[in-house]
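*Asks:* Compact mmCIF, C-alpha atoms and all ligand atoms, saved as my_file-v1.txt, coming up:
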```txt
# COMPACT_ATOMS: atom_id res chain seq x y z
CA MET A 177 -3.24 -69.76 44.04
CA GLN A 178 -0.41 -67.34 44.37
CA LYS A 179 2.41 -67.88 41.93
CA ARG A 180 5.92 -67.88 43.33
CA ILE A 181 8.16 -65.25 41.86
CA ALA A 182 11.36 -66.70 40.52
CA PRO A 183 14.32 -65.39 42.58
CA PHE A 184 16.08 -63.74 39.59
CA LEU A 185 12.87 -61.94 38.72
CA LEU A 186 12.58 -60.74 42.31
CA LEU A 187 16.11 -59.44 42.11
CA LEU A 188 15.29 -57.60 38.92
CA ILE A 189 12.21 -56.00 40.50
CA LEU A 190 14.18 -54.92 43.56
CA ALA A 191 17.00 -53.55 41.44
CA ALA A 192 14.67 -51.68 39.08
CA PRO A 193 14.90 -48.31 40.87
CA LEU A 194 18.68 -48.61 40.91
CA LEU A 195 18.76 -49.46 37.20
CA ALA A 196 16.48 -46.54 36.43
CA ALA A 197 18.72 -44.24 38.43
CA ALA A 198 21.80 -45.38 36.54
CA PRO A 199 23.15 -42.49 34.53
CA ALA A 200 21.71 -42.87 31.02
CA LYS A 201 23.73 -41.75 28.05
CA PRO A 202 22.42 -38.24 27.41
CA LEU A 203 20.42 -37.88 24.18
CA PRO A 204 21.90 -35.43 21.72
CA LYS A 205 20.11 -32.12 22.16
CA PRO A 206 18.16 -31.04 19.07
CA PRO A 207 19.75 -27.87 17.70
CA ALA A 208 17.89 -24.69 18.66
CA PRO A 209 15.86 -23.49 15.67
CA GLU A 210 17.83 -20.84 13.87
CA ALA A 211 16.54 -17.27 14.01
CA ILE A 212 14.96 -16.63 10.63
CA THR A 213 15.67 -13.48 8.62
CA VAL A 214 12.68 -12.37 6.55
CA ASP A 215 12.10 -9.59 4.03
CA THR A 216 8.37 -9.24 3.47
CA HIS A 217 8.33 -7.31 0.20
CA ALA A 218 10.34 -7.33 -3.03
CA ASP A 219 9.00 -6.58 -6.51
CA THR A 220 11.53 -8.80 -8.27
CA PRO A 221 8.76 -10.81 -10.03
CA THR A 222 7.70 -7.73 -12.02
CA GLU A 223 11.34 -7.22 -13.01
CA PHE A 224 11.63 -10.93 -13.90
CA LEU A 225 8.39 -10.91 -15.92
CA ASP A 226 9.41 -7.84 -17.93
CA HIS A 227 13.09 -8.73 -18.42
CA PRO A 228 13.72 -12.41 -17.59
CA PHE A 229 17.16 -12.90 -16.04
CA ASP A 230 19.17 -15.64 -14.37
CA LEU A 231 18.39 -15.55 -10.64
CA GLY A 232 21.19 -18.05 -10.00
CA VAL A 233 24.04 -15.63 -10.78
CA VAL A 234 24.88 -12.14 -9.53
CA ASN A 235 23.16 -9.60 -11.76
CA THR A 236 24.07 -5.99 -12.31
CA ARG A 237 20.45 -5.11 -13.08
CA GLY A 238 17.97 -4.98 -10.23
CA HIS A 239 18.33 -5.44 -6.49
CA PHE A 240 17.82 -9.15 -6.03
CA ASP A 241 19.06 -12.57 -7.08
CA TYR A 242 19.74 -15.73 -5.12
CA PRO A 243 23.52 -15.32 -4.67
CA ARG A 244 22.94 -11.78 -3.36
CA MET A 245 20.10 -13.07 -1.16
CA LYS A 246 22.58 -15.51 0.37
CA ALA A 247 25.30 -12.85 0.71
CA GLY A 248 22.86 -10.63 2.63
CA GLY A 249 22.04 -13.47 5.04
CA LEU A 250 18.35 -13.49 4.06
CA ASP A 251 16.41 -16.72 4.73
CA ALA A 252 12.96 -15.90 3.39
CA GLU A 253 11.59 -13.47 0.83
CA PHE A 254 8.02 -12.58 0.04
CA PHE A 255 7.89 -11.88 -3.68
CA ALA A 256 5.12 -9.43 -4.49
CA ALA A 257 2.41 -10.53 -6.89
CA TYR A 258 1.93 -6.87 -7.71
CA VAL A 259 -1.16 -6.12 -9.79
CA PRO A 260 -0.92 -2.61 -11.26
CA ALA A 261 -3.97 -0.39 -10.79
CA LYS A 262 -4.50 -0.24 -14.56
CA TYR A 263 -5.86 -3.83 -14.32
CA ALA A 264 -8.52 -2.89 -11.73
CA ASN A 265 -11.88 -4.02 -13.13
CA LYS A 266 -9.95 -4.96 -16.32
CA GLY A 267 -8.41 -8.39 -15.94
CA ALA A 268 -6.83 -7.98 -12.49
CA ALA A 269 -7.30 -11.63 -11.48
CA ALA A 270 -5.85 -12.94 -14.75
CA TYR A 271 -2.80 -10.71 -14.30
CA CYS A 272 -2.47 -11.84 -10.67
CA LEU A 273 -2.46 -15.48 -11.83
CA LYS A 274 0.23 -14.64 -14.37
CA ILE A 275 2.55 -13.02 -11.85
CA MET A 276 1.93 -15.74 -9.26
CA GLU A 277 2.86 -18.33 -11.87
CA THR A 278 6.01 -16.29 -12.56
CA ILE A 279 6.92 -16.49 -8.85
CA HIS A 280 6.43 -20.28 -8.86
CA GLU A 281 8.79 -20.49 -11.85
CA MET A 282 11.31 -18.25 -10.07
CA ALA A 283 11.36 -20.75 -7.21
CA ASP A 284 10.96 -24.03 -9.13
CA ARG A 285 13.83 -23.35 -11.57
CA TYR A 286 16.37 -22.96 -8.76
CA PRO A 287 16.00 -25.95 -6.41
CA SER A 288 19.64 -25.72 -5.36
CA TRP A 289 19.00 -22.22 -3.99
CA VAL A 290 15.40 -21.97 -2.81
CA ARG A 291 12.17 -23.74 -1.86
CA PHE A 292 8.68 -22.40 -2.39
CA ALA A 293 6.97 -22.08 1.01
CA THR A 294 3.47 -21.35 2.27
CA SER A 295 3.84 -21.58 6.06
CA THR A 296 6.08 -20.85 9.03
CA ALA A 297 6.95 -24.56 9.10
CA GLY A 298 7.77 -24.43 5.38
CA ILE A 299 10.15 -21.50 5.93
CA ARG A 300 11.94 -23.25 8.80
CA ALA A 301 12.10 -26.53 6.82
CA ALA A 302 13.71 -24.75 3.84
CA VAL A 303 16.32 -23.19 6.12
CA ALA A 304 16.96 -26.52 7.89
CA ASP A 305 17.54 -27.94 4.40
CA HIS A 306 20.19 -25.23 3.73
CA ARG A 307 17.95 -23.44 1.26
CA ARG A 308 16.12 -20.13 1.35
CA ALA A 309 12.32 -19.76 1.26
CA ILE A 310 10.28 -17.96 -1.39
CA LEU A 311 6.70 -16.97 -0.61
CA ILE A 312 3.96 -14.98 -2.33
CA GLY A 313 2.21 -11.82 -1.14
CA ILE A 314 -0.42 -10.21 -3.37
CA GLU A 315 -0.13 -6.44 -3.76
CA GLY A 316 -3.46 -4.76 -4.55
CA GLY A 317 -6.83 -6.00 -3.25
CA HIS A 318 -8.39 -5.30 -6.66
CA ALA A 319 -6.74 -8.61 -7.68
CA ILE A 320 -9.67 -10.58 -6.26
CA GLU A 321 -12.22 -8.77 -8.47
CA ASP A 322 -14.60 -8.52 -5.48
CA SER A 323 -14.84 -12.32 -5.26
CA LEU A 324 -14.19 -14.39 -2.12
CA ASP A 325 -13.92 -17.44 -4.41
CA LEU A 326 -10.97 -15.82 -6.17
CA LEU A 327 -9.45 -14.89 -2.78
CA ARG A 328 -9.65 -18.55 -1.72
CA ALA A 329 -8.21 -19.71 -5.07
CA PHE A 330 -5.23 -17.36 -4.66
CA TYR A 331 -4.64 -18.80 -1.20
CA ARG A 332 -4.63 -22.32 -2.66
CA LEU A 333 -2.05 -21.17 -5.24
CA GLY A 334 0.21 -20.05 -2.40
CA ALA A 335 -0.58 -16.39 -1.62
CA ARG A 336 -0.09 -15.79 2.11
CA TYR A 337 -0.71 -12.06 2.38
CA MET A 338 -2.60 -9.44 0.44
CA THR A 339 -2.34 -5.66 0.70
CA LEU A 340 -5.96 -4.55 0.93
CA THR A 341 -5.20 -1.81 -1.62
CA HIS A 342 -2.33 -0.53 -3.73
CA THR A 343 -2.14 3.21 -4.52
CA ASN A 344 -5.71 2.98 -5.90
CA THR A 345 -8.93 2.84 -3.89
CA ASN A 346 -10.74 -0.30 -5.02
CA ASN A 347 -14.40 -1.31 -4.82
CA TRP A 348 -14.20 -2.09 -1.07
CA ALA A 349 -11.21 -0.30 0.55
CA ASP A 350 -9.78 3.23 0.52
CA SER A 351 -6.13 3.75 -0.34
CA SER A 352 -3.61 6.26 1.06
CA GLY A 353 -2.65 6.99 -2.55
CA ASP A 354 -5.88 8.76 -3.45
CA GLU A 355 -6.08 12.50 -3.11
CA ALA A 356 -9.85 12.37 -3.74
CA PRO A 357 -12.12 12.18 -0.67
CA ALA A 358 -12.58 8.70 0.78
CA THR A 359 -15.01 6.52 -1.17
CA HIS A 360 -15.87 3.95 1.50
CA ASN A 361 -14.83 5.74 4.71
CA GLY A 362 -12.27 2.95 5.20
CA LEU A 363 -13.49 -0.57 4.54
CA SER A 364 -16.92 -1.14 2.95
CA PRO A 365 -19.15 -3.89 4.47
CA PHE A 366 -17.78 -6.24 1.77
CA GLY A 367 -14.24 -5.11 2.64
CA LYS A 368 -14.86 -6.26 6.23
CA GLN A 369 -16.04 -9.63 4.86
CA VAL A 370 -12.79 -9.88 2.89
CA VAL A 371 -10.79 -9.32 6.09
CA LEU A 372 -12.73 -12.00 7.99
CA GLU A 373 -12.40 -14.49 5.13
CA MET A 374 -8.65 -13.83 5.01
CA ASN A 375 -8.58 -14.59 8.76
CA ARG A 376 -10.51 -17.82 8.20
CA ILE A 377 -8.33 -19.17 5.39
CA GLY A 378 -5.04 -18.00 6.95
CA MET A 379 -4.00 -15.17 4.64
CA MET A 380 -2.25 -12.28 6.37
CA ILE A 381 -3.94 -8.88 6.17
CA ASP A 382 -1.44 -6.36 4.86
CA ILE A 383 -2.24 -2.72 5.57
CA SER A 384 0.67 -1.22 3.57
CA HIS A 385 -0.78 1.36 1.11
CA VAL A 386 -4.24 1.65 2.74
CA SER A 387 -5.79 4.90 4.03
CA ASP A 388 -5.59 5.60 7.77
CA LYS A 389 -9.31 4.84 8.22
CA THR A 390 -8.95 1.54 6.30
CA PHE A 391 -6.09 0.65 8.66
CA TYR A 392 -8.19 1.35 11.79
CA ASP A 393 -11.13 -0.60 10.31
CA ALA A 394 -8.83 -3.54 9.50
CA VAL A 395 -7.37 -3.80 13.02
CA ALA A 396 -10.88 -3.44 14.53
CA VAL A 397 -12.37 -6.21 12.35
CA SER A 398 -9.46 -8.66 12.06
CA LYS A 399 -9.42 -11.62 14.43
CA ALA A 400 -5.68 -12.09 13.84
CA PRO A 401 -2.72 -9.70 14.02
CA VAL A 402 -2.14 -7.72 10.81
CA ILE A 403 1.08 -6.80 9.03
CA ALA A 404 2.42 -3.77 7.16
CA SER A 405 4.69 -5.55 4.68
CA HIS A 406 6.56 -2.39 3.61
CA SER A 407 5.74 0.81 5.57
CA SER A 408 8.00 3.24 7.40
CA SER A 409 7.35 5.90 10.07
CA ARG A 410 5.35 9.03 9.22
CA ALA A 411 6.82 10.90 12.21
CA LEU A 412 10.20 10.73 10.41
CA ALA A 413 9.00 11.03 6.78
CA SER A 414 5.56 12.42 6.00
CA ALA A 415 4.55 10.14 3.08
CA PRO A 416 0.84 9.36 3.56
CA ARG A 417 1.53 5.63 3.13
CA ASN A 418 3.85 5.65 6.15
CA MET A 419 2.44 4.87 9.60
CA THR A 420 1.71 7.51 12.24
CA ASP A 421 2.75 6.86 15.84
CA ASP A 422 -0.90 6.36 16.74
CA MET A 423 -1.25 3.71 14.02
CA LEU A 424 1.92 2.00 15.28
CA ARG A 425 0.46 1.87 18.80
CA ALA A 426 -2.80 0.43 17.45
CA LEU A 427 -0.81 -2.15 15.46
CA ALA A 428 1.09 -3.15 18.62
CA LYS A 429 -2.20 -3.53 20.51
CA ASN A 430 -3.42 -5.79 17.69
CA GLY A 431 -0.24 -7.89 18.08
CA GLY A 432 0.87 -7.13 14.52
CA VAL A 433 4.15 -6.09 12.93
CA ALA A 434 5.25 -3.23 10.63
CA MET A 435 8.17 -3.79 8.25
CA VAL A 436 10.33 -0.76 7.41
CA ASN A 437 10.43 0.23 3.71
CA PHE A 438 13.85 1.19 2.24
CA TYR A 439 12.62 3.74 -0.34
CA PRO A 440 14.50 7.01 0.30
CA ALA A 441 11.36 9.13 -0.29
CA PHE A 442 9.60 7.15 2.47
CA LEU A 443 12.62 7.57 4.78
CA SER A 444 13.40 11.27 4.44
CA ASP A 445 11.26 14.37 3.95
CA VAL A 446 14.09 16.07 2.04
CA VAL A 447 13.96 13.26 -0.55
CA LEU A 448 10.16 13.18 -0.52
CA LYS A 449 9.99 16.90 -1.34
CA ALA A 450 12.56 16.52 -4.12
CA SER A 451 10.68 13.49 -5.45
CA LYS A 452 7.42 15.44 -5.66
CA ALA A 453 9.18 18.30 -7.45
CA ARG A 454 10.73 15.84 -9.88
CA ASP A 455 7.35 14.22 -10.62
CA GLU A 456 5.96 17.67 -11.42
CA LYS A 457 8.95 18.55 -13.62
CA LEU A 458 8.87 15.27 -15.56
CA LYS A 459 5.09 15.17 -16.01
CA PRO A 460 5.13 16.25 -19.71
CA GLU A 461 7.91 13.79 -20.59
CA ILE A 462 6.19 10.92 -18.81
CA ALA A 463 2.91 11.80 -20.54
CA ALA A 464 4.75 11.71 -23.86
CA LEU A 465 6.15 8.25 -23.05
CA LYS A 466 2.67 7.07 -22.13
CA ALA A 467 1.24 8.39 -25.39
CA LYS A 468 3.84 6.30 -27.24
CA ASP A 469 3.21 3.17 -25.17
CA PRO A 470 -0.31 3.43 -23.63
CA SER A 471 -0.10 -0.06 -22.09
CA GLU A 472 2.89 1.14 -20.00
CA GLY A 473 4.92 -1.78 -21.31
CA ALA A 474 8.67 -2.36 -21.39
CA GLU A 475 9.36 0.68 -23.61
CA TYR A 476 7.50 3.02 -21.25
CA GLN A 477 9.16 1.56 -18.17
CA GLU A 478 12.63 1.84 -19.70
CA GLY A 479 11.90 5.46 -20.66
CA VAL A 480 10.76 6.31 -17.12
CA ARG A 481 13.81 4.56 -15.67
CA LYS A 482 16.14 6.65 -17.87
CA LEU A 483 14.33 9.88 -16.92
CA MET A 484 14.68 9.06 -13.22
CA ALA A 485 18.36 8.20 -13.63
CA ALA A 486 18.95 11.51 -15.42
CA ASN A 487 17.19 13.42 -12.61
CA PRO A 488 18.57 11.87 -9.41
CA LEU A 489 17.15 12.66 -5.98
CA PRO A 490 19.27 13.79 -3.00
CA LYS A 491 21.18 10.91 -1.43
CA VAL A 492 20.26 9.41 1.91
CA SER A 493 22.42 7.06 3.98
CA TRP A 494 21.20 3.52 4.67
CA THR A 495 21.48 4.21 8.43
CA VAL A 496 18.23 6.19 8.11
CA ILE A 497 16.53 2.78 7.79
CA VAL A 498 17.81 2.00 11.29
CA ASP A 499 16.60 5.43 12.51
CA HIS A 500 13.10 4.36 11.40
CA ILE A 501 13.49 0.99 13.12
CA ASP A 502 14.63 2.80 16.30
CA HIS A 503 11.66 5.15 16.27
CA MET A 504 9.12 2.43 15.52
CA VAL A 505 10.56 0.24 18.30
CA LYS A 506 10.28 3.16 20.74
CA VAL A 507 6.63 3.75 19.80
CA ALA A 508 5.28 0.24 19.13
CA GLY A 509 7.72 -1.91 21.13
CA ILE A 510 10.43 -4.38 20.21
CA ASP A 511 7.91 -7.07 19.18
CA HIS A 512 6.28 -5.10 16.39
CA VAL A 513 8.95 -4.04 13.89
CA GLY A 514 10.54 -5.85 10.93
CA ILE A 515 12.11 -5.52 7.46
CA GLY A 516 10.21 -4.91 4.17
CA SER A 517 12.77 -3.63 1.67
CA ASP A 518 10.54 -3.02 -1.38
CA PHE A 519 13.64 -3.85 -3.47
CA ASP A 520 13.02 -3.87 -7.24
CA GLY A 521 9.90 -1.81 -6.62
CA ILE A 522 11.79 1.38 -5.80
CA PRO A 523 13.60 3.53 -8.37
CA GLU A 524 16.17 4.74 -5.80
CA VAL A 525 17.92 3.07 -2.89
CA PRO A 526 19.74 4.50 0.13
CA GLU A 527 23.53 4.80 -0.15
CA GLY A 528 25.10 1.67 1.26
CA MET A 529 21.90 -0.39 0.82
CA GLU A 530 22.11 -0.82 -2.94
CA ASP A 531 20.73 -4.36 -3.04
CA ILE A 532 19.77 -7.34 -0.90
CA SER A 533 23.42 -8.37 -0.43
CA LYS A 534 23.84 -5.35 1.89
CA LEU A 535 21.10 -6.43 4.28
CA SER A 536 23.44 -7.76 6.98
CA ALA A 537 24.61 -4.18 7.64
CA ILE A 538 21.31 -3.63 9.48
CA PRO A 539 21.81 -6.19 12.29
CA GLN A 540 25.40 -4.92 12.62
CA GLU A 541 24.17 -1.33 13.05
CA LEU A 542 21.46 -2.46 15.51
CA LYS A 543 24.17 -4.19 17.54
CA ARG A 544 26.29 -1.03 17.46
CA ARG A 545 23.29 0.91 18.79
CA GLY A 546 23.00 -1.45 21.74
CA TYR A 547 20.26 -3.88 20.70
CA SER A 548 20.59 -7.37 22.23
CA GLU A 549 21.02 -10.41 20.00
CA ALA A 550 17.49 -11.60 20.85
CA ASP A 551 16.01 -8.21 19.93
CA ILE A 552 17.94 -8.12 16.65
CA HIS A 553 16.55 -11.57 15.78
CA LYS A 554 13.05 -10.26 16.44
CA ILE A 555 13.49 -7.29 14.12
CA MET A 556 15.24 -9.26 11.37
CA GLY A 557 12.41 -11.80 11.06
CA GLU A 558 11.23 -13.50 14.22
CA ASN A 559 8.57 -10.84 14.94
CA PHE A 560 7.13 -11.54 11.52
CA MET A 561 7.36 -15.32 12.09
CA ARG A 562 5.39 -14.92 15.34
CA VAL A 563 2.62 -13.01 13.57
CA PHE A 564 2.51 -15.45 10.64
CA GLY A 565 2.23 -18.31 13.17
CA GLU A 566 -0.56 -16.48 14.99
CA VAL A 567 -2.45 -16.03 11.69
CA GLU A 568 -2.08 -19.77 11.00
CA LYS A 569 -3.43 -20.55 14.49
CA VAL A 570 -6.43 -18.23 14.18
CA ALA A 571 -7.31 -19.80 10.80
CA LYS A 572 -7.25 -23.30 12.33
CA GLU A 573 -9.47 -22.19 15.21
CA MET A 574 -11.97 -20.47 12.89
CA GLN A 575 -12.11 -23.50 10.61
CA ALA A 576 -12.63 -25.85 13.59
CA ALA A 577 -15.45 -23.66 14.96
CA LYS A 578 -17.51 -24.03 11.76
ZN ZN A 601 4.09 -1.27 -2.53
```
Please express what this file holds, its structure, as structure tokens.
*Replies:*
Amino acid sequence: MQKRIAPFLLLLILAAPLLAAAPAKPLPKPPAPEAITVDTHADTPTEFLDHPFDLGVVNTRGHFDYPRMKAGGLDAEFFAAYVPAKYANKGAAAYCLKIMETIHEMADRYPSWVRFATSTAGIRAAVADHRRAILIGIEGGHAIEDSLDLLRAFYRLGARYMTLTHTNTNNWADSSGDEAPATHNGLSPFGKQVVLEMNRIGMMIDISHVSDKTFYDAVAVSKAPVIASHSSSRALASAPRNMTDDMLRALAKNGGVAMVNFYPAFLSDVVLKASKARDEKLKPEIAALKAKDPSEGAEYQEGVRKLMAANPLPKVSWTVIVDHIDHMVKVAGIDHVGIGSDFDGIPEVPEGMEDISKLSAIPQELKRRGYSEADIHKIMGENFMRVFGEVEKVAKEMQAAK
């Protein structure tokens, strides 16, 4: 038996298309995600470990604190868990744990300023919450003591990139800092395993400091784009740890991103030459300091700092940083360049870029040179965010495939 439809119900059915077409109150549009500004390398943790200071107030010592981070318009900083070469094969992992713990303290003690983050979503959430993000990048592959278990443990403790080497060649990767002939001809077979395991767990491969052959091996082996967290252009300044145009093109092909380093000797050959001459001149005095403090502790570091201050290098203007950006954009493309200051890891800074509070001069100069707003956002952090997101995606896919 067919049920009769009540007349009011029939009316409702007939009117449904009209009701649906009635103009609905428009939903408030979610705000467009803000463009994130990222600096991928600062050595502030070493400074903080050696001479603890209040990150919540403007300091005269060093290049970085949270008020100056805010003044410079910086949203996210990768603090370097830098493991000096002297710990290679002598307690490197223990030291790495110590400096990573220091970074956690540097974030945890200042909840009104920053949040510790381990992902692209974590960075954006911190910014949405009107805070800045602090992340960890390990500097020096010797930190893992040739153990993939340690590599995985460091990931769990928050490390999201690792430079395959520092200035020292380790047991599985050649460094650009070694004058001796290559030990491994790039990456050893175990070094290639390290790269693949970093891909699988979602840790970015950082090629800053590695030899040219290690770089080419890394981009050939890696299943995800790689980063150079703090490397400038070798065409403009011939430091062996800078990137050649050919390397920049290979990095672009890999989808990666190279972040320009602010150290004057990596920006200008005039400064590099003077820096080498100074090293030679100060060799006996530095050796004497080392004899007094063989562990290269606070006394040694203070002595070196005073020697450097007494023997200044030629000045270079901060706009040279933008010259490097310009060149690298021309060679690699707009999607493959970013910012990696190396603040607190460099004994000299360019004039006008004395600390992180000066950072916003860079987007202003890019604008003056004709870069579009979208391109400036890419350089100031969104290129890096894209690569970090890609690394997260590759890790998920590799984990799902197992
Ligand atoms: Zn470095």
*Asks:* If we count only C-alpha atoms, what is near Val370 in chain A at a cut-off of 9 Å, once residues fewer than 5 positions away on the same chain are taken out, given as a VMD selection string?
*Replies:* chain A and resid 322 to 324 327 340 348 365 375
*Asks:* Quick one: residues within 9 Å of ligand ZN 601 (chain A), with only C-alpha atoms and all ligand atoms, as a JSON list (two decimals) with C-alpha atoms, in the coordinates of the input?
*Replies:*
```json
[["chain", "number", "residue", "atom", "x", "y", "z"],
["A", 217, "HIS", "CA", 8.33, -7.31, 0.20],
["A", 218, "ALA", "CA", 10.34, -7.33, -3.03],
["A", 219, "ASP", "CA", 9.00, -6.58, -6.51],
["A", 256, "ALA", "CA", 5.12, -9.43, -4.49],
["A", 258, "TYR", "CA", 1.93, -6.87, -7.71],
["A", 315, "GLU", "CA", -0.13, -6.44, -3.76],
["A", 316, "GLY", "CA", -3.46, -4.76, -4.55],
["A", 339, "THR", "CA", -2.34, -5.66, 0.70],
["A", 342, "HIS", "CA", -2.33, -0.53, -3.73],
["A", 343, "THR", "CA", -2.14, 3.21, -4.52],
["A", 384, "SER", "CA", 0.67, -1.22, 3.57],
["A", 385, "HIS", "CA", -0.78, 1.36, 1.11],
["A", 405, "SER", "CA", 4.69, -5.55, 4.68],
["A", 406, "HIS", "CA", 6.56, -2.39, 3.61],
["A", 407, "SER", "CA", 5.74, 0.81, 5.57],
["A", 518, "ASP", "CA", 10.54, -3.02, -1.38],
["A", 521, "GLY", "CA", 9.90, -1.81, -6.62],
["A", 522, "ILE", "CA", 11.79, 1.38, -5.80]]
```
*Asks:* Hey, which of A:Lys459, A:Gly362, A:Glu321, A:Arg300 ends up closest to Ala270 in chain A? Count only C-alpha atoms.
*Replies:* A:Glu321
*Asks:* Enclose range 485-494 of chain A, meaning all of its atoms listed in the file, in a box aligned along x, y and z, pad it by 6 Å on each side, and list the centre and edge lengths in Å to one decimal, as AutoDock Vina command-line options.
*Replies:*
```
--center_x 19.8 --center_y 8.7 --center_z -5.4 --size_x 17.3 --size_y 22.3 --size_z 32.1
```
*Asks:* Quick check, in Å to one decimal: how far apart do CA of Ala428 in chain A and CA of Ala508 in chain A lie?
*Replies:* 5.4 Å
*Asks:* Give me range 369-375 of chain A with all heavy atoms filled in, as a PDB file, in the frame of the given file.
*Replies:*
```pdb
ATOM      1  N   GLN A 369     -15.886  -8.179   5.146  1.00  0.00           N
ATOM      2  CA  GLN A 369     -16.040  -9.630   4.860  1.00  0.00           C
ATOM      3  C   GLN A 369     -14.741 -10.209   4.316  1.00  0.00           C
ATOM      4  O   GLN A 369     -14.364 -11.335   4.643  1.00  0.00           O
ATOM      5  CB  GLN A 369     -17.119  -9.825   3.798  1.00  0.00           C
ATOM      6  CG  GLN A 369     -18.508 -10.047   4.317  1.00  0.00           C
ATOM      7  CD  GLN A 369     -19.446 -10.393   3.152  1.00  0.00           C
ATOM      8  OE1 GLN A 369     -19.167 -11.248   2.330  1.00  0.00           O
ATOM      9  NE2 GLN A 369     -20.561  -9.689   3.083  1.00  0.00           N
ATOM     10  N   VAL A 370     -14.071  -9.424   3.460  1.00  0.00           N
ATOM     11  CA  VAL A 370     -12.790  -9.880   2.890  1.00  0.00           C
ATOM     12  C   VAL A 370     -11.793 -10.139   4.018  1.00  0.00           C
ATOM     13  O   VAL A 370     -11.128 -11.180   4.063  1.00  0.00           O
ATOM     14  CB  VAL A 370     -12.218  -8.855   1.879  1.00  0.00           C
ATOM     15  CG1 VAL A 370     -10.801  -9.239   1.447  1.00  0.00           C
ATOM     16  CG2 VAL A 370     -13.121  -8.719   0.655  1.00  0.00           C
ATOM     17  N   VAL A 371     -11.722  -9.182   4.965  1.00  0.00           N
ATOM     18  CA  VAL A 371     -10.790  -9.320   6.090  1.00  0.00           C
ATOM     19  C   VAL A 371     -11.081 -10.595   6.879  1.00  0.00           C
ATOM     20  O   VAL A 371     -10.178 -11.378   7.195  1.00  0.00           O
ATOM     21  CB  VAL A 371     -10.862  -8.065   7.001  1.00  0.00           C
ATOM     22  CG1 VAL A 371     -10.200  -8.313   8.351  1.00  0.00           C
ATOM     23  CG2 VAL A 371     -10.202  -6.871   6.302  1.00  0.00           C
ATOM     24  N   LEU A 372     -12.360 -10.819   7.190  1.00  0.00           N
ATOM     25  CA  LEU A 372     -12.730 -12.000   7.990  1.00  0.00           C
ATOM     26  C   LEU A 372     -12.455 -13.303   7.225  1.00  0.00           C
ATOM     27  O   LEU A 372     -12.045 -14.299   7.826  1.00  0.00           O
ATOM     28  CB  LEU A 372     -14.203 -11.921   8.406  1.00  0.00           C
ATOM     29  CG  LEU A 372     -14.476 -10.870   9.495  1.00  0.00           C
ATOM     30  CD1 LEU A 372     -15.974 -10.701   9.730  1.00  0.00           C
ATOM     31  CD2 LEU A 372     -13.783 -11.254  10.815  1.00  0.00           C
ATOM     32  N   GLU A 373     -12.681 -13.277   5.911  1.00  0.00           N
ATOM     33  CA  GLU A 373     -12.400 -14.490   5.130  1.00  0.00           C
ATOM     34  C   GLU A 373     -10.899 -14.738   5.053  1.00  0.00           C
ATOM     35  O   GLU A 373     -10.452 -15.888   5.092  1.00  0.00           O
ATOM     36  CB  GLU A 373     -13.027 -14.370   3.721  1.00  0.00           C
ATOM     37  CG  GLU A 373     -12.908 -15.622   2.857  1.00  0.00           C
ATOM     38  CD  GLU A 373     -13.586 -16.874   3.471  1.00  0.00           C
ATOM     39  OE1 GLU A 373     -14.234 -16.779   4.522  1.00  0.00           O
ATOM     40  OE2 GLU A 373     -13.415 -17.962   2.875  1.00  0.00           O
ATOM     41  N   MET A 374     -10.114 -13.665   4.973  1.00  0.00           N
ATOM     42  CA  MET A 374      -8.650 -13.830   5.010  1.00  0.00           C
ATOM     43  C   MET A 374      -8.234 -14.452   6.342  1.00  0.00           C
ATOM     44  O   MET A 374      -7.393 -15.353   6.376  1.00  0.00           O
ATOM     45  CB  MET A 374      -7.953 -12.477   4.787  1.00  0.00           C
ATOM     46  CG  MET A 374      -8.066 -11.963   3.355  1.00  0.00           C
ATOM     47  SD  MET A 374      -7.455 -10.268   3.166  1.00  0.00           S
ATOM     48  CE  MET A 374      -5.671 -10.533   3.136  1.00  0.00           C
ATOM     49  N   ASN A 375      -8.845 -13.991   7.435  1.00  0.00           N
ATOM     50  CA  ASN A 375      -8.580 -14.590   8.760  1.00  0.00           C
ATOM     51  C   ASN A 375      -8.882 -16.079   8.731  1.00  0.00           C
ATOM     52  O   ASN A 375      -8.110 -16.893   9.227  1.00  0.00           O
ATOM     53  CB  ASN A 375      -9.493 -13.972   9.829  1.00  0.00           C
ATOM     54  CG  ASN A 375      -9.092 -12.566  10.251  1.00  0.00           C
ATOM     55  OD1 ASN A 375      -9.914 -11.823  10.768  1.00  0.00           O
ATOM     56  ND2 ASN A 375      -7.845 -12.177  10.041  1.00  0.00           N
TER      57      ASN A 375
END
```
